[in-house]
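A.B. asks: As input, take query33.cif (mmCIF, C-alpha atoms):
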```cif
data_protein
#
loop_
_atom_site.label_atom_id
_atom_site.label_comp_id
_atom_site.auth_asym_id
_atom_site.auth_seq_id
_atom_site.Cartn_x
_atom_site.Cartn_y
_atom_site.Cartn_z
CA MET A 17 0.00 0.00 0.00
CA ARG A 18 2.88 2.20 0.64
CA LYS A 19 3.94 1.81 -2.92
CA ASN A 20 0.49 2.85 -4.15
CA LYS A 21 0.55 5.91 -1.95
CA LYS A 22 3.92 6.89 -3.36
CA VAL A 23 2.70 6.45 -6.95
CA ILE A 24 -0.47 8.45 -6.26
CA LEU A 25 1.56 11.15 -4.55
CA ALA A 26 4.02 11.22 -7.45
CA ILE A 27 1.17 11.47 -9.99
CA ALA A 28 -0.49 14.21 -7.94
CA ILE A 29 2.76 16.21 -7.73
CA LEU A 30 3.48 15.67 -11.41
CA SER A 31 -0.10 16.73 -12.28
CA CYS A 32 0.31 19.91 -10.19
CA ILE A 33 3.58 20.73 -11.93
CA VAL A 34 2.05 20.14 -15.39
CA LEU A 35 -1.05 22.23 -14.54
CA ALA A 36 1.11 25.00 -13.09
CA PHE A 37 3.24 24.98 -16.22
CA ILE A 38 0.23 25.05 -18.59
CA GLY A 39 -1.67 27.56 -16.51
CA GLY A 40 1.38 29.77 -16.11
CA GLN A 41 1.92 29.80 -19.85
CA SER A 42 -1.61 30.90 -20.61
CA TYR A 43 -1.64 33.69 -18.03
CA SER A 44 1.88 35.02 -18.50
CA LYS A 45 1.40 36.31 -22.08
CA TYR A 46 1.26 40.09 -22.47
CA VAL A 47 -1.49 41.29 -24.76
CA SER A 48 -1.85 44.85 -25.92
CA GLU A 49 -4.39 46.35 -28.22
CA VAL A 50 -3.89 49.74 -29.83
CA ARG A 51 -6.84 51.40 -31.46
CA GLY A 52 -6.57 54.11 -34.06
CA ASP A 53 -9.20 56.29 -35.67
CA GLY A 54 -9.12 56.99 -39.38
CA MET A 55 -9.34 60.69 -40.17
CA ALA A 56 -8.82 62.78 -43.29
CA GLU A 57 -9.02 66.55 -43.39
CA VAL A 58 -10.53 68.03 -46.53
CA ALA A 59 -8.43 70.67 -48.28
CA THR A 60 -9.96 74.13 -48.27
CA TRP A 61 -10.66 76.13 -51.42
CA SER A 62 -10.34 79.88 -51.63
CA PHE A 63 -10.26 81.92 -54.83
CA LYS A 64 -10.79 85.65 -55.20
CA VAL A 65 -10.26 88.19 -57.94
CA ASN A 66 -9.57 91.80 -57.00
CA GLY A 67 -10.71 90.97 -53.47
CA GLN A 68 -14.12 89.71 -54.60
CA LYS A 69 -15.49 86.19 -54.87
CA GLU A 70 -17.44 87.05 -57.98
CA GLU A 71 -15.68 86.32 -61.23
CA VAL A 72 -16.86 88.99 -63.70
CA GLN A 73 -15.56 92.53 -63.57
CA THR A 74 -16.04 95.29 -66.11
CA ILE A 75 -12.99 97.42 -66.85
CA GLN A 76 -13.51 100.94 -68.19
CA LEU A 77 -10.24 102.45 -69.33
CA ALA A 78 -11.23 106.01 -68.38
CA SER A 79 -11.21 104.92 -64.72
CA THR A 80 -7.67 103.53 -65.12
CA CYS A 81 -6.21 106.54 -66.90
CA ASN A 82 -3.30 108.62 -65.62
CA ASN A 83 -4.89 111.89 -64.48
CA GLU A 84 -2.27 113.95 -66.33
CA THR A 85 -3.32 112.47 -69.66
CA LEU A 86 -7.08 112.27 -69.03
CA VAL A 87 -9.27 114.52 -71.14
CA ASN A 88 -12.61 115.31 -69.45
CA ASN A 89 -12.80 111.76 -67.97
CA LYS A 90 -12.51 110.29 -71.46
CA ILE A 91 -9.72 108.55 -73.28
CA ALA A 92 -8.31 110.16 -76.43
CA PRO A 93 -5.14 110.03 -78.49
CA GLY A 94 -2.28 110.80 -76.12
CA THR A 95 -3.86 109.09 -73.08
CA GLN A 96 -2.48 106.08 -71.26
CA GLY A 97 -2.97 104.13 -68.06
CA SER A 98 -2.92 100.70 -66.46
CA PHE A 99 -5.10 98.34 -64.49
CA ASN A 100 -4.46 95.33 -62.26
CA ILE A 101 -6.10 91.94 -62.11
CA ILE A 102 -5.29 90.45 -58.70
CA VAL A 103 -5.77 86.69 -58.43
CA ASP A 104 -5.75 85.50 -54.81
CA GLY A 105 -5.62 81.89 -53.65
CA THR A 106 -4.78 82.73 -50.02
CA GLY A 107 -6.36 80.18 -47.70
CA SER A 108 -6.52 77.45 -50.33
CA ASP A 109 -4.83 74.17 -49.48
CA VAL A 110 -4.64 73.11 -53.13
CA GLY A 111 -2.97 74.57 -56.20
CA ILE A 112 -4.98 76.73 -58.58
CA ASP A 113 -4.76 77.02 -62.36
CA TYR A 114 -6.27 80.38 -63.30
CA LYS A 115 -7.42 81.55 -66.70
CA ILE A 116 -8.50 85.01 -67.70
CA LYS A 117 -11.05 85.47 -70.45
CA ILE A 118 -11.92 88.78 -72.04
CA GLN A 119 -15.51 89.12 -73.14
CA ASP A 120 -17.75 91.73 -74.72
CA GLU A 121 -14.86 93.77 -76.06
CA GLY A 122 -16.32 96.16 -78.56
CA ASN A 123 -15.81 99.67 -79.84
CA LYS A 124 -12.05 99.59 -79.28
CA PRO A 125 -10.22 102.54 -80.82
CA ASN A 126 -8.11 101.14 -83.67
CA ASN A 127 -4.79 102.61 -82.51
CA LEU A 128 -5.17 101.78 -78.82
CA LYS A 129 -2.56 99.21 -77.72
CA PHE A 130 -2.11 97.02 -74.64
CA ILE A 131 1.30 96.31 -73.11
CA TYR A 132 2.08 93.32 -70.91
CA ASN A 133 5.64 92.26 -70.00
CA ASN A 134 7.01 94.80 -72.50
CA GLN A 135 5.06 93.16 -75.33
CA SER A 136 2.51 95.15 -77.32
CA TYR A 137 -0.93 93.77 -78.27
CA THR A 138 -3.57 95.30 -80.53
CA SER A 139 -6.47 93.75 -78.59
CA ILE A 140 -7.00 92.88 -74.93
CA ALA A 141 -8.31 89.46 -76.01
CA GLU A 142 -4.83 88.61 -77.38
CA LEU A 143 -3.57 88.59 -73.77
CA GLU A 144 -5.73 85.66 -72.63
CA GLU A 145 -3.06 83.01 -73.23
CA VAL A 146 -0.10 84.93 -71.78
CA ILE A 147 -1.76 86.07 -68.54
CA ALA A 148 -2.98 82.61 -67.48
CA GLY A 149 -0.97 80.95 -64.74
CA THR A 150 -0.73 78.67 -61.72
CA ILE A 151 -0.64 79.24 -57.97
CA TYR A 152 0.93 76.18 -56.39
CA ALA A 153 -0.29 74.72 -53.09
CA ASN A 154 3.09 75.21 -51.41
CA ASP A 155 3.67 78.79 -52.65
CA GLU A 156 4.29 81.18 -49.76
CA ASP A 157 2.61 84.06 -51.60
CA LYS A 158 -0.62 82.89 -53.18
CA THR A 159 -1.47 86.17 -54.91
CA ARG A 160 -0.67 87.15 -58.46
CA THR A 161 -0.93 90.75 -59.62
CA ILE A 162 -1.27 91.04 -63.38
CA THR A 163 -0.60 94.63 -64.46
CA ILE A 164 -1.78 95.53 -67.95
CA ASN A 165 -0.78 98.88 -69.41
CA TRP A 166 -2.56 100.57 -72.27
CA LYS A 167 -1.84 103.58 -74.42
CA TRP A 168 -3.38 105.45 -77.28
CA ASP A 169 -0.48 107.25 -78.93
CA TYR A 170 -0.97 110.86 -79.95
CA GLU A 171 0.45 110.05 -83.37
CA THR A 172 0.66 106.55 -84.80
CA GLY A 173 2.78 105.61 -87.80
CA ASN A 174 6.30 105.59 -89.15
CA ASN A 175 6.01 108.33 -91.80
CA VAL A 176 3.93 111.40 -92.63
CA SER A 177 1.47 109.43 -94.76
CA GLU A 178 0.83 106.77 -92.06
CA ILE A 179 0.46 109.44 -89.36
CA ALA A 180 -2.07 111.39 -91.48
CA ASN A 181 -4.06 108.21 -92.19
CA ASN A 182 -4.08 107.19 -88.49
CA ASP A 183 -5.14 110.73 -87.47
CA LYS A 184 -8.23 110.27 -89.68
CA ILE A 185 -8.92 106.88 -88.05
CA ASP A 186 -8.54 108.40 -84.55
CA THR A 187 -10.91 111.24 -85.45
CA GLN A 188 -13.51 108.81 -86.82
CA ASN A 189 -13.18 106.61 -83.70
CA ALA A 190 -13.81 109.68 -81.53
CA LYS A 191 -17.05 110.33 -83.44
CA ASP A 192 -18.27 106.72 -83.44
CA ILE A 193 -17.21 105.38 -80.03
CA ALA A 194 -18.92 106.65 -76.90
CA VAL A 195 -17.74 103.98 -74.46
CA TYR A 196 -15.02 101.35 -74.67
CA ALA A 197 -15.29 98.68 -72.00
CA PHE A 198 -14.81 94.95 -71.69
CA ASP A 199 -15.55 92.21 -69.18
CA VAL A 200 -12.80 90.25 -67.46
CA ILE A 201 -13.79 86.74 -66.41
CA VAL A 202 -11.30 84.92 -64.19
CA SER A 203 -11.77 81.24 -63.48
CA GLY A 204 -9.81 79.07 -61.09
CA THR A 205 -9.52 75.28 -61.27
CA GLN A 206 -7.84 72.99 -58.77
CA VAL A 207 -4.48 71.68 -59.91
CA VAL A 208 -4.58 67.88 -60.22
CA PRO A 209 -2.47 66.46 -57.34
CA GLN A 210 0.64 64.55 -58.43
CA THR A 211 1.62 61.27 -56.77
#
```
Give the structure from this file in structure tokens form.
C.D. replies:
Amino acid sequence: MRKNKKVILAIAILSCIVLAFIGGQSYSKYVSEVRGDGMAEVATWSFKVNGQKEEVQTIQLASTCNNETLVNNKIAPGTQGSFNIIVDGTGSDVGIDYKIKIQDEGNKPNNLKFIYNNQSYTSIAELEEVIAGTIYANDEDKTRTITINWKWDYETGNNVSEIANNDKIDTQNAKDIAVYAFDVIVSGTQVVPQT
């Protein structure tokens, strides 16, 4: 009987050791769980022209004329001036491609010229391609000031005959044209993000 007691005691001790080992293994494992929330902020859009959110502005050259050359608040041969188109993407988190379209240009005096970047143009509509541009998302300064000069020379031509002919054209324009104005339409489109 003693031998049976020893075997039972040995099995009991061995069982305790095995259970302690198995139980210890299952309770000694460290388990951590980290939770994260998915979040995406939406980029903001801001686009203004000359400080306004509206896109269409009418430019009348008499209001942009140098006072020294202005004749009774009207343009005439010998007058000149300039105007600015200010494109502002401040506050936008994305890049902006801007285009400027000239619309409803009519009654332009024949010899009136526009100057942009030291280049002369016979019509304001010719400037549409050269004054378009891009404001990039990472630009520090997100404003673009486009200065367009204009002038109506007192005499136009390279010789006496051309000057005399252009004087007649200027005189006829003065009789026929009461107002010369045009609409400037500026549109901004988000630049497609690059990967």
A.B. asks: Could you state which residues are captured by the PyMOL selection byres ((chain A and resi 164) around 9) in this file, as a list in words?
C.D. replies: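 Against this file, the PyMOL selection byres ((chain A and resi 164) around 9) returns the residues Gly97, Ser98, Phe99, Asn100, Ile101, Phe130, Ile131, Tyr132, Asn133, Ile162, Thr163, Asn165 and Trp166 of chain A.
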A.B. asks: Leaving out Gly94 in chain A and any residue of its chain fewer than 6 positions from it, which residues lie within 8 Å of it when counting only C-alpha atoms, given as a PDB file with C-alpha atoms, in the frame of the given file?
C.D. replies:
```pdb
ATOM      1  CA  THR A  85      -3.320 112.470 -69.660  1.00  0.00           C
ATOM      2  CA  LYS A 167      -1.840 103.580 -74.420  1.00  0.00           C
ATOM      3  CA  TRP A 168      -3.380 105.450 -77.280  1.00  0.00           C
ATOM      4  CA  ASP A 169      -0.480 107.250 -78.930  1.00  0.00           C
ATOM      5  CA  TYR A 170      -0.970 110.860 -79.950  1.00  0.00           C
ATOM      6  CA  GLU A 171       0.450 110.050 -83.370  1.00  0.00           C
TER       7      GLU A 171
END
```
A.B. asks: Just say which residues the PyMOL selection byres ((chain A and resi 189) around 10) picks in this file, as a ChimeraX atom specification.
C.D. replies: /A:92,123-127,183-188,190-194
A.B. asks: Expand the PyMOL selection byres ((chain A and resi 140-154) around 9) into the individual residues it matches in the shown file, reporting them as a ChimeraX atom specification.
C.D. replies: /A:104-105,108-119,121,129-130,132,137-139,155-160,162,198,207
A.B. asks: May I have the residues from that selection written out with C-alpha atoms, as a CSV table (one decimal), in the coordinates of the input?
C.D. replies:
```
chain,number,residue,atom,x,y,z
A,104,ASP,CA,-5.8,85.5,-54.8
A,105,GLY,CA,-5.6,81.9,-53.6
A,108,SER,CA,-6.5,77.4,-50.3
A,109,ASP,CA,-4.8,74.2,-49.5
A,110,VAL,CA,-4.6,73.1,-53.1
A,111,GLY,CA,-3.0,74.6,-56.2
A,112,ILE,CA,-5.0,76.7,-58.6
A,113,ASP,CA,-4.8,77.0,-62.4
A,114,TYR,CA,-6.3,80.4,-63.3
A,115,LYS,CA,-7.4,81.6,-66.7
A,116,ILE,CA,-8.5,85.0,-67.7
A,117,LYS,CA,-11.0,85.5,-70.4
A,118,ILE,CA,-11.9,88.8,-72.0
A,119,GLN,CA,-15.5,89.1,-73.1
A,121,GLU,CA,-14.9,93.8,-76.1
A,129,LYS,CA,-2.6,99.2,-77.7
A,130,PHE,CA,-2.1,97.0,-74.6
A,132,TYR,CA,2.1,93.3,-70.9
A,137,TYR,CA,-0.9,93.8,-78.3
A,138,THR,CA,-3.6,95.3,-80.5
A,139,SER,CA,-6.5,93.8,-78.6
A,155,ASP,CA,3.7,78.8,-52.6
A,156,GLU,CA,4.3,81.2,-49.8
A,157,ASP,CA,2.6,84.1,-51.6
A,158,LYS,CA,-0.6,82.9,-53.2
A,159,THR,CA,-1.5,86.2,-54.9
A,160,ARG,CA,-0.7,87.2,-58.5
A,162,ILE,CA,-1.3,91.0,-63.4
A,198,PHE,CA,-14.8,95.0,-71.7
A,207,VAL,CA,-4.5,71.7,-59.9
```
A.B. asks: Please report the interatomic distance between CA of Thr80 in chain A and CA of Asn181 in chain A in Å with one decimal.
C.D. replies: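 Here the two named atoms are 27.7 Å from each other.
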A.B. asks: Which value, in Å to one decimal, gives the distance between CA of Asn182 in chain A and CA of Thr74 in chain A?
C.D. replies: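 Computing it gives 28.0 Å between the two atoms.
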A.B. asks: Rounded to one decimal place, report the CA of Gly173 in chain A-CA of Asp199 in chain A distance in Å.
C.D. replies: 29.4 Å
